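Peer 1: Structure supplied as entry-v8.tsv; contents: TSV, N, CA and C atoms and all ligand atoms.
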```tsv
chain	number	residue	atom	x	y	z
A	1	MET	N	-28.91	41.61	36.81
A	1	MET	CA	-27.61	41.68	37.49
A	1	MET	C	-26.59	40.79	36.78
A	2	SER	N	-25.49	41.34	36.39
A	2	SER	CA	-24.46	40.51	35.78
A	2	SER	C	-23.13	40.76	36.46
A	3	GLY	N	-22.47	39.69	36.81
A	3	GLY	CA	-21.20	39.79	37.53
A	3	GLY	C	-20.06	40.06	36.57
A	4	PRO	N	-18.97	40.55	37.09
A	4	PRO	CA	-17.81	40.85	36.24
A	4	PRO	C	-17.14	39.60	35.69
A	5	HIS	N	-17.36	38.47	36.31
A	5	HIS	CA	-16.68	37.24	35.88
A	5	HIS	C	-17.56	36.38	34.99
A	6	GLY	N	-18.64	36.97	34.52
A	6	GLY	CA	-19.56	36.17	33.73
A	6	GLY	C	-20.48	35.41	34.65
A	7	GLU	N	-21.49	34.86	34.05
A	7	GLU	CA	-22.49	34.20	34.87
A	7	GLU	C	-22.49	32.71	34.61
A	8	ILE	N	-22.81	31.98	35.63
A	8	ILE	CA	-22.90	30.53	35.51
A	8	ILE	C	-24.37	30.17	35.65
A	9	ARG	N	-24.85	29.48	34.65
A	9	ARG	CA	-26.27	29.10	34.65
A	9	ARG	C	-26.41	27.61	34.40
A	10	LEU	N	-27.35	27.05	35.09
A	10	LEU	CA	-27.67	25.65	34.86
A	10	LEU	C	-28.80	25.60	33.83
A	11	VAL	N	-28.58	24.85	32.78
A	11	VAL	CA	-29.64	24.72	31.77
A	11	VAL	C	-29.90	23.24	31.48
A	12	VAL	N	-31.11	22.98	31.09
A	12	VAL	CA	-31.48	21.60	30.75
A	12	VAL	C	-31.79	21.54	29.26
A	13	ASP	N	-31.32	20.49	28.63
A	13	ASP	CA	-31.67	20.21	27.25
A	13	ASP	C	-32.91	19.31	27.27
A	14	GLY	N	-34.04	19.92	27.01
A	14	GLY	CA	-35.30	19.21	27.11
A	14	GLY	C	-35.39	18.01	26.18
A	15	SER	N	-34.60	18.03	25.09
A	15	SER	CA	-34.67	16.91	24.16
A	15	SER	C	-33.91	15.69	24.69
A	16	LYS	N	-33.00	15.94	25.66
A	16	LYS	CA	-32.24	14.82	26.25
A	16	LYS	C	-32.86	14.34	27.56
A	17	CYS	N	-33.51	15.25	28.26
A	17	CYS	CA	-34.05	14.90	29.58
A	17	CYS	C	-35.00	13.71	29.47
A	18	ASP	N	-34.74	12.76	30.34
A	18	ASP	CA	-35.49	11.51	30.30
A	18	ASP	C	-36.47	11.38	31.46
A	19	GLY	N	-36.49	12.40	32.29
A	19	GLY	CA	-37.43	12.38	33.41
A	19	GLY	C	-37.03	11.47	34.54
A	20	HIS	N	-35.72	11.31	34.76
A	20	HIS	CA	-35.27	10.48	35.87
A	20	HIS	C	-35.54	11.15	37.22
A	21	GLY	N	-35.54	12.46	37.22
A	21	GLY	CA	-35.90	13.19	38.43
A	21	GLY	C	-34.80	13.32	39.46
A	22	ILE	N	-33.63	12.76	39.17
A	22	ILE	CA	-32.54	12.80	40.15
A	22	ILE	C	-32.12	14.24	40.44
A	23	CYS	N	-32.08	15.04	39.41
A	23	CYS	CA	-31.62	16.41	39.55
A	23	CYS	C	-32.46	17.18	40.57
A	24	ALA	N	-33.75	16.96	40.55
A	24	ALA	CA	-34.62	17.70	41.46
A	24	ALA	C	-34.41	17.28	42.91
A	25	LEU	N	-33.92	16.06	43.11
A	25	LEU	CA	-33.61	15.62	44.47
A	25	LEU	C	-32.32	16.26	44.95
A	26	VAL	N	-31.35	16.41	44.03
A	26	VAL	CA	-30.05	16.96	44.41
A	26	VAL	C	-30.13	18.47	44.59
A	27	MET	N	-30.93	19.11	43.77
A	27	MET	CA	-30.94	20.57	43.77
A	27	MET	C	-32.37	21.13	43.73
A	28	PRO	N	-33.14	20.83	44.77
A	28	PRO	CA	-34.56	21.20	44.74
A	28	PRO	C	-34.79	22.71	44.68
A	29	GLU	N	-33.80	23.50	45.13
A	29	GLU	CA	-34.03	24.94	45.11
A	29	GLU	C	-33.94	25.55	43.72
A	30	ARG	N	-33.38	24.79	42.78
A	30	ARG	CA	-33.26	25.31	41.41
A	30	ARG	C	-33.99	24.45	40.38
A	31	ILE	N	-34.29	23.22	40.74
A	31	ILE	CA	-34.89	22.32	39.75
A	31	ILE	C	-36.19	21.74	40.29
A	32	SER	N	-37.21	21.86	39.49
A	32	SER	CA	-38.47	21.20	39.85
A	32	SER	C	-38.85	20.27	38.70
A	33	LEU	N	-39.78	19.41	38.97
A	33	LEU	CA	-40.22	18.48	37.93
A	33	LEU	C	-41.63	18.85	37.48
A	34	ASP	N	-41.85	18.72	36.19
A	34	ASP	CA	-43.20	19.00	35.72
A	34	ASP	C	-44.08	17.77	35.93
A	35	THR	N	-45.30	17.85	35.46
A	35	THR	CA	-46.28	16.78	35.69
A	35	THR	C	-45.78	15.42	35.22
A	36	TRP	N	-44.95	15.43	34.18
A	36	TRP	CA	-44.46	14.17	33.61
A	36	TRP	C	-43.10	13.76	34.17
A	37	GLY	N	-42.57	14.55	35.09
A	37	GLY	CA	-41.30	14.20	35.71
A	37	GLY	C	-40.09	14.78	35.01
A	38	TYR	N	-40.33	15.64	34.03
A	38	TYR	CA	-39.20	16.27	33.35
A	38	TYR	C	-38.76	17.52	34.11
A	39	ALA	N	-37.48	17.84	33.94
A	39	ALA	CA	-36.90	18.90	34.75
A	39	ALA	C	-37.28	20.29	34.25
A	40	ASN	N	-37.63	21.14	35.17
A	40	ASN	CA	-37.76	22.57	34.95
A	40	ASN	C	-36.65	23.23	35.72
A	41	VAL	N	-35.73	23.86	35.00
A	41	VAL	CA	-34.56	24.43	35.67
A	41	VAL	C	-34.66	25.94	35.71
A	42	ASP	N	-34.41	26.47	36.88
A	42	ASP	CA	-34.36	27.91	37.08
A	42	ASP	C	-33.12	28.46	36.36
A	43	ARG	N	-33.31	29.40	35.45
A	43	ARG	CA	-32.19	29.88	34.64
A	43	ARG	C	-31.49	31.10	35.25
A	44	GLU	N	-31.87	31.45	36.44
A	44	GLU	CA	-31.17	32.54	37.11
A	44	GLU	C	-29.71	32.15	37.32
A	45	PRO	N	-28.79	33.11	37.19
A	45	PRO	CA	-27.37	32.78	37.41
A	45	PRO	C	-27.13	32.25	38.82
A	46	LEU	N	-26.17	31.32	38.90
A	46	LEU	CA	-25.79	30.77	40.21
A	46	LEU	C	-24.67	31.64	40.76
A	47	GLU	N	-24.92	32.23	41.89
A	47	GLU	CA	-23.92	33.14	42.43
A	47	GLU	C	-23.23	32.60	43.67
A	48	ASP	N	-23.87	31.69	44.33
A	48	ASP	CA	-23.33	31.14	45.57
A	48	ASP	C	-22.39	29.98	45.24
A	49	ALA	N	-21.19	30.00	45.81
A	49	ALA	CA	-20.21	28.96	45.51
A	49	ALA	C	-20.73	27.57	45.85
A	50	ARG	N	-21.52	27.49	46.91
A	50	ARG	CA	-22.05	26.17	47.28
A	50	ARG	C	-23.08	25.69	46.26
A	51	LEU	N	-23.85	26.65	45.75
A	51	LEU	CA	-24.82	26.28	44.71
A	51	LEU	C	-24.11	25.82	43.44
A	52	ILE	N	-23.04	26.50	43.10
A	52	ILE	CA	-22.28	26.14	41.90
A	52	ILE	C	-21.69	24.75	42.06
A	53	ALA	N	-21.16	24.47	43.25
A	53	ALA	CA	-20.59	23.14	43.52
A	53	ALA	C	-21.67	22.07	43.39
A	54	ARG	N	-22.85	22.38	43.89
A	54	ARG	CA	-23.94	21.41	43.81
A	54	ARG	C	-24.41	21.26	42.37
A	55	ALA	N	-24.40	22.38	41.65
A	55	ALA	CA	-24.80	22.32	40.24
A	55	ALA	C	-23.86	21.42	39.45
A	56	ARG	N	-22.56	21.48	39.78
A	56	ARG	CA	-21.61	20.59	39.09
A	56	ARG	C	-21.95	19.13	39.39
A	57	ARG	N	-22.35	18.90	40.64
A	57	ARG	CA	-22.70	17.53	41.01
A	57	ARG	C	-23.95	17.06	40.26
A	58	VAL	N	-24.89	17.97	40.13
A	58	VAL	CA	-26.15	17.58	39.50
A	58	VAL	C	-25.94	17.32	38.00
A	59	VAL	N	-25.02	18.06	37.40
A	59	VAL	CA	-24.69	17.83	35.98
A	59	VAL	C	-24.16	16.41	35.81
A	60	LYS	N	-23.28	15.99	36.75
A	60	LYS	CA	-22.72	14.63	36.66
A	60	LYS	C	-23.76	13.58	37.01
A	61	ALA	N	-24.70	13.95	37.88
A	61	ALA	CA	-25.66	12.94	38.35
A	61	ALA	C	-26.72	12.62	37.31
A	62	CYS	N	-26.94	13.50	36.37
A	62	CYS	CA	-28.01	13.26	35.39
A	62	CYS	C	-27.63	12.11	34.46
A	63	PRO	N	-28.39	11.03	34.48
A	63	PRO	CA	-28.05	9.86	33.65
A	63	PRO	C	-28.17	10.15	32.16
A	64	ALA	N	-28.97	11.15	31.81
A	64	ALA	CA	-29.19	11.44	30.39
A	64	ALA	C	-28.25	12.52	29.87
A	65	LYS	N	-27.39	13.02	30.74
A	65	LYS	CA	-26.48	14.12	30.39
A	65	LYS	C	-27.24	15.30	29.78
A	66	ALA	N	-28.37	15.58	30.37
A	66	ALA	CA	-29.22	16.65	29.84
A	66	ALA	C	-28.91	18.01	30.45
A	67	LEU	N	-28.11	18.03	31.51
A	67	LEU	CA	-27.85	19.28	32.20
A	67	LEU	C	-26.47	19.82	31.84
A	68	THR	N	-26.39	21.12	31.68
A	68	THR	CA	-25.12	21.76	31.38
A	68	THR	C	-24.97	22.99	32.26
A	69	LEU	N	-23.75	23.22	32.71
A	69	LEU	CA	-23.47	24.46	33.42
A	69	LEU	C	-22.85	25.42	32.41
A	70	VAL	N	-23.63	26.32	31.93
A	70	VAL	CA	-23.14	27.27	30.93
A	70	VAL	C	-22.34	28.36	31.65
A	71	GLY	N	-21.15	28.60	31.14
A	71	GLY	CA	-20.32	29.65	31.71
A	71	GLY	C	-19.36	29.15	32.77
A	72	ASP	N	-19.42	27.87	33.10
A	72	ASP	CA	-18.51	27.34	34.11
A	72	ASP	C	-17.26	26.81	33.44
A	73	PRO	N	-16.11	27.42	33.70
A	73	PRO	CA	-14.88	26.98	33.04
A	73	PRO	C	-14.51	25.54	33.37
A	74	GLN	N	-15.00	25.02	34.49
A	74	GLN	CA	-14.65	23.64	34.87
A	74	GLN	C	-15.42	22.58	34.12
A	75	THR	N	-16.64	22.90	33.72
A	75	THR	CA	-17.45	21.85	33.12
A	75	THR	C	-17.99	22.19	31.74
A	76	SER	N	-17.95	23.46	31.37
A	76	SER	CA	-18.66	23.83	30.16
A	76	SER	C	-17.73	23.98	28.97
A	77	SER	N	-18.19	23.50	27.84
A	77	SER	CA	-17.45	23.73	26.60
A	77	SER	C	-18.13	24.84	25.81
A	78	HIS	N	-19.21	25.38	26.37
A	78	HIS	CA	-19.96	26.41	25.67
A	78	HIS	C	-19.31	27.79	25.82
A	79	VAL	N	-18.43	27.87	26.78
A	79	VAL	CA	-17.88	29.18	27.11
A	79	VAL	C	-16.76	29.53	26.14
A	80	THR	N	-16.69	30.80	25.80
A	80	THR	CA	-15.63	31.24	24.91
A	80	THR	C	-14.32	31.26	25.67
A	81	SER	N	-13.28	30.75	25.07
A	81	SER	CA	-12.00	30.70	25.75
A	81	SER	C	-11.48	32.11	26.02
A	82	PRO	N	-10.94	32.32	27.23
A	82	PRO	CA	-10.38	33.64	27.52
A	82	PRO	C	-9.07	33.88	26.77
A	83	HIS	N	-8.49	32.82	26.23
A	83	HIS	CA	-7.23	32.96	25.50
A	83	HIS	C	-7.51	33.14	24.01
A	84	PRO	N	-6.82	34.05	23.38
A	84	PRO	CA	-7.07	34.31	21.97
A	84	PRO	C	-6.59	33.18	21.07
B	101	LIG	S1	-31.77	13.96	36.12
B	101	LIG	FE1	-31.47	14.53	33.96
B	101	LIG	S2	-32.89	13.22	32.84
B	101	LIG	FE2	-33.51	13.23	34.97
B	101	LIG	S3	-35.08	14.81	35.16
B	101	LIG	FE3	-33.10	15.70	35.66
B	101	LIG	S4	-32.36	16.56	33.72
B	101	LIG	FE4	-33.96	15.12	33.24
```
If you took the structure in this file and wrote it as structure tokens, what would it be?
Peer 2:
Amino acid sequence: MSGPHGEIRLVVDGSKCDGHGICALVMPERISLDTWGYANVDREPLEDARLIARARRVVKACPAKALTLVGDPQTSSHVTSPHP
């Protein structure tokens, strides 16, 4: 399923993740921790506005800056600019 406005996905950079585990407390429905405490992030697009708002919070909460919201114009630099 892909929306007309593009998709917003939460992704983790495993090389930056330090296993603080904060993200899984803030967003347990999308983030779980593996045996060593590193984040496993559900890569399904975030469609619910409340989930997206929480995802923005979790991106800021990560002390290692390992989380990115791909496709979110408010937080992501990965997205292609709509302006030519
Ligand atoms: S808060 Fe950041 S560093 Fe900690 S487990 Fe989550 S992604 Fe990794």
Peer 1: Considering all atoms listed in the file, can you say which of A:Glu47, A:Asp13, A:Asp18, A:Glu7 comes closest to ligand LIG 101 (chain B)?
Peer 2: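 Nearest to ligand LIG 101 (chain B): A:Asp18.
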Peer 1: Could you list, as number ranges by chain, every residue within 10 Å of Ser15 (chain A), counting only C-alpha atoms and ignoring same-chain residues fewer than 3 positions away?
Peer 2: A: 12, 18, 64, 66
Peer 1: For the contact check between chain A and ligand LIG 101 (chain B), emit one row per residue of chain A within 6 Å, containing the shortest atom pair and the distance in Å rounded to one decimal, counting all atoms listed in the file, chain then rising number order, as a Markdown table.
Peer 2:
```
| residue | atom | partner | partner_atom | distance |
| --- | --- | --- | --- | --- |
| A:Val12 | CA | B:LIG101 | S4 | 5.9 |
| A:Lys16 | C | B:LIG101 | S2 | 5.4 |
| A:Cys17 | CA | B:LIG101 | FE4 | 3.7 |
| A:Asp18 | N | B:LIG101 | S2 | 3.1 |
| A:Gly19 | N | B:LIG101 | S2 | 3.7 |
| A:His20 | N | B:LIG101 | FE2 | 2.9 |
| A:Gly21 | N | B:LIG101 | FE2 | 3.1 |
| A:Ile22 | N | B:LIG101 | S1 | 3.8 |
| A:Cys23 | N | B:LIG101 | S1 | 3.5 |
| A:Ala24 | N | B:LIG101 | FE3 | 5.1 |
| A:Gly37 | C | B:LIG101 | S3 | 5.0 |
| A:Tyr38 | C | B:LIG101 | S3 | 4.7 |
| A:Ala39 | N | B:LIG101 | S3 | 4.1 |
| A:Ala61 | C | B:LIG101 | S1 | 5.4 |
| A:Cys62 | CA | B:LIG101 | S1 | 3.9 |
| A:Pro63 | N | B:LIG101 | FE1 | 4.7 |
| A:Ala64 | N | B:LIG101 | S2 | 4.6 |
| A:Lys65 | N | B:LIG101 | FE1 | 5.4 |
| A:Ala66 | N | B:LIG101 | FE1 | 4.9 |
| A:Leu67 | N | B:LIG101 | S4 | 5.0 |
```
Peer 1: Per DSSP on the backbone, what are the strand (DSSP E or B) residues of chain A, as a PyMOL selection string?
Peer 2: chain A and resi 9-12+31-33+39-41+67-70
Peer 1: Rounded to one decimal, what separation in Å do you get between atom N of Arg50 (chain A) and CA of Val11 (chain A)?
Peer 2: 17.4 Å
Peer 1: Using Å and a single decimal, report how far atom C of Asp48 (chain A) sits from CA of Thr35 (chain A).
Peer 2: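 Result for CA of Thr35 (chain A) versus atom C of Asp48 (chain A): 28.9 Å, one decimal.
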Peer 1: Can you work out the spacing between atom N of Leu10 (chain A) and atom C of Val41 (chain A) in Å, to one decimal?
Peer 2: 7.4 Å
Peer 1: Return the single residue from A:Pro45, A:Pro28, A:Gly14, A:Gly6 that is closest to Gly71 (chain A), with distances computed using only N, CA and C atoms.
Peer 2: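 Ranking A:Pro45, A:Pro28, A:Gly14, A:Gly6 by distance to Gly71 (chain A), first place goes to A:Gly6.
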Peer 1: Output as a VMD selection string all residues of chain A that backbone DSSP marks as alpha helix (DSSP H).
Peer 2: chain A and resid 22 to 26 49 to 61
Peer 1: Go ahead and write the residues just picked, N, CA and C atoms, as a PDB file, in the frame of the given file.
Peer 2:
```pdb
ATOM      1  N   ILE A  22     -33.630  12.760  39.170  1.00  0.00           N
ATOM      2  CA  ILE A  22     -32.540  12.800  40.150  1.00  0.00           C
ATOM      3  C   ILE A  22     -32.120  14.240  40.440  1.00  0.00           C
ATOM      4  N   CYS A  23     -32.080  15.040  39.410  1.00  0.00           N
ATOM      5  CA  CYS A  23     -31.620  16.410  39.550  1.00  0.00           C
ATOM      6  C   CYS A  23     -32.460  17.180  40.570  1.00  0.00           C
ATOM      7  N   ALA A  24     -33.750  16.960  40.550  1.00  0.00           N
ATOM      8  CA  ALA A  24     -34.620  17.700  41.460  1.00  0.00           C
ATOM      9  C   ALA A  24     -34.410  17.280  42.910  1.00  0.00           C
ATOM     10  N   LEU A  25     -33.920  16.060  43.110  1.00  0.00           N
ATOM     11  CA  LEU A  25     -33.610  15.620  44.470  1.00  0.00           C
ATOM     12  C   LEU A  25     -32.320  16.260  44.950  1.00  0.00           C
ATOM     13  N   VAL A  26     -31.350  16.410  44.030  1.00  0.00           N
ATOM     14  CA  VAL A  26     -30.050  16.960  44.410  1.00  0.00           C
ATOM     15  C   VAL A  26     -30.130  18.470  44.590  1.00  0.00           C
ATOM     16  N   ALA A  49     -21.190  30.000  45.810  1.00  0.00           N
ATOM     17  CA  ALA A  49     -20.210  28.960  45.510  1.00  0.00           C
ATOM     18  C   ALA A  49     -20.730  27.570  45.850  1.00  0.00           C
ATOM     19  N   ARG A  50     -21.520  27.490  46.910  1.00  0.00           N
ATOM     20  CA  ARG A  50     -22.050  26.170  47.280  1.00  0.00           C
ATOM     21  C   ARG A  50     -23.080  25.690  46.260  1.00  0.00           C
ATOM     22  N   LEU A  51     -23.850  26.650  45.750  1.00  0.00           N
ATOM     23  CA  LEU A  51     -24.820  26.280  44.710  1.00  0.00           C
ATOM     24  C   LEU A  51     -24.110  25.820  43.440  1.00  0.00           C
ATOM     25  N   ILE A  52     -23.040  26.500  43.100  1.00  0.00           N
ATOM     26  CA  ILE A  52     -22.280  26.140  41.900  1.00  0.00           C
ATOM     27  C   ILE A  52     -21.690  24.750  42.060  1.00  0.00           C
ATOM     28  N   ALA A  53     -21.160  24.470  43.250  1.00  0.00           N
ATOM     29  CA  ALA A  53     -20.590  23.140  43.520  1.00  0.00           C
ATOM     30  C   ALA A  53     -21.670  22.070  43.390  1.00  0.00           C
ATOM     31  N   ARG A  54     -22.850  22.380  43.890  1.00  0.00           N
ATOM     32  CA  ARG A  54     -23.940  21.410  43.810  1.00  0.00           C
ATOM     33  C   ARG A  54     -24.410  21.260  42.370  1.00  0.00           C
ATOM     34  N   ALA A  55     -24.400  22.380  41.650  1.00  0.00           N
ATOM     35  CA  ALA A  55     -24.800  22.320  40.240  1.00  0.00           C
ATOM     36  C   ALA A  55     -23.860  21.420  39.450  1.00  0.00           C
ATOM     37  N   ARG A  56     -22.560  21.480  39.780  1.00  0.00           N
ATOM     38  CA  ARG A  56     -21.610  20.590  39.090  1.00  0.00           C
ATOM     39  C   ARG A  56     -21.950  19.130  39.390  1.00  0.00           C
ATOM     40  N   ARG A  57     -22.350  18.900  40.640  1.00  0.00           N
ATOM     41  CA  ARG A  57     -22.700  17.530  41.010  1.00  0.00           C
ATOM     42  C   ARG A  57     -23.950  17.060  40.260  1.00  0.00           C
ATOM     43  N   VAL A  58     -24.890  17.970  40.130  1.00  0.00           N
ATOM     44  CA  VAL A  58     -26.150  17.580  39.500  1.00  0.00           C
ATOM     45  C   VAL A  58     -25.940  17.320  38.000  1.00  0.00           C
ATOM     46  N   VAL A  59     -25.020  18.060  37.400  1.00  0.00           N
ATOM     47  CA  VAL A  59     -24.690  17.830  35.980  1.00  0.00           C
ATOM     48  C   VAL A  59     -24.160  16.410  35.810  1.00  0.00           C
ATOM     49  N   LYS A  60     -23.280  15.990  36.750  1.00  0.00           N
ATOM     50  CA  LYS A  60     -22.720  14.630  36.660  1.00  0.00           C
ATOM     51  C   LYS A  60     -23.760  13.580  37.010  1.00  0.00           C
ATOM     52  N   ALA A  61     -24.700  13.950  37.880  1.00  0.00           N
ATOM     53  CA  ALA A  61     -25.660  12.940  38.350  1.00  0.00           C
ATOM     54  C   ALA A  61     -26.720  12.620  37.310  1.00  0.00           C
TER      55      ALA A  61
END
```
Peer 1: Please return the centre and edge lengths, in Å to one decimal, of a box with edges along x, y and z that contains all listed atoms of region 7-23 of chain A, widened by 6 Å on every side, as JSON.
Peer 2:
```
{"center_x": -29.5, "center_y": 22.7, "center_z": 32.4, "size_x": 27.9, "size_y": 36.4, "size_z": 28.4}
```
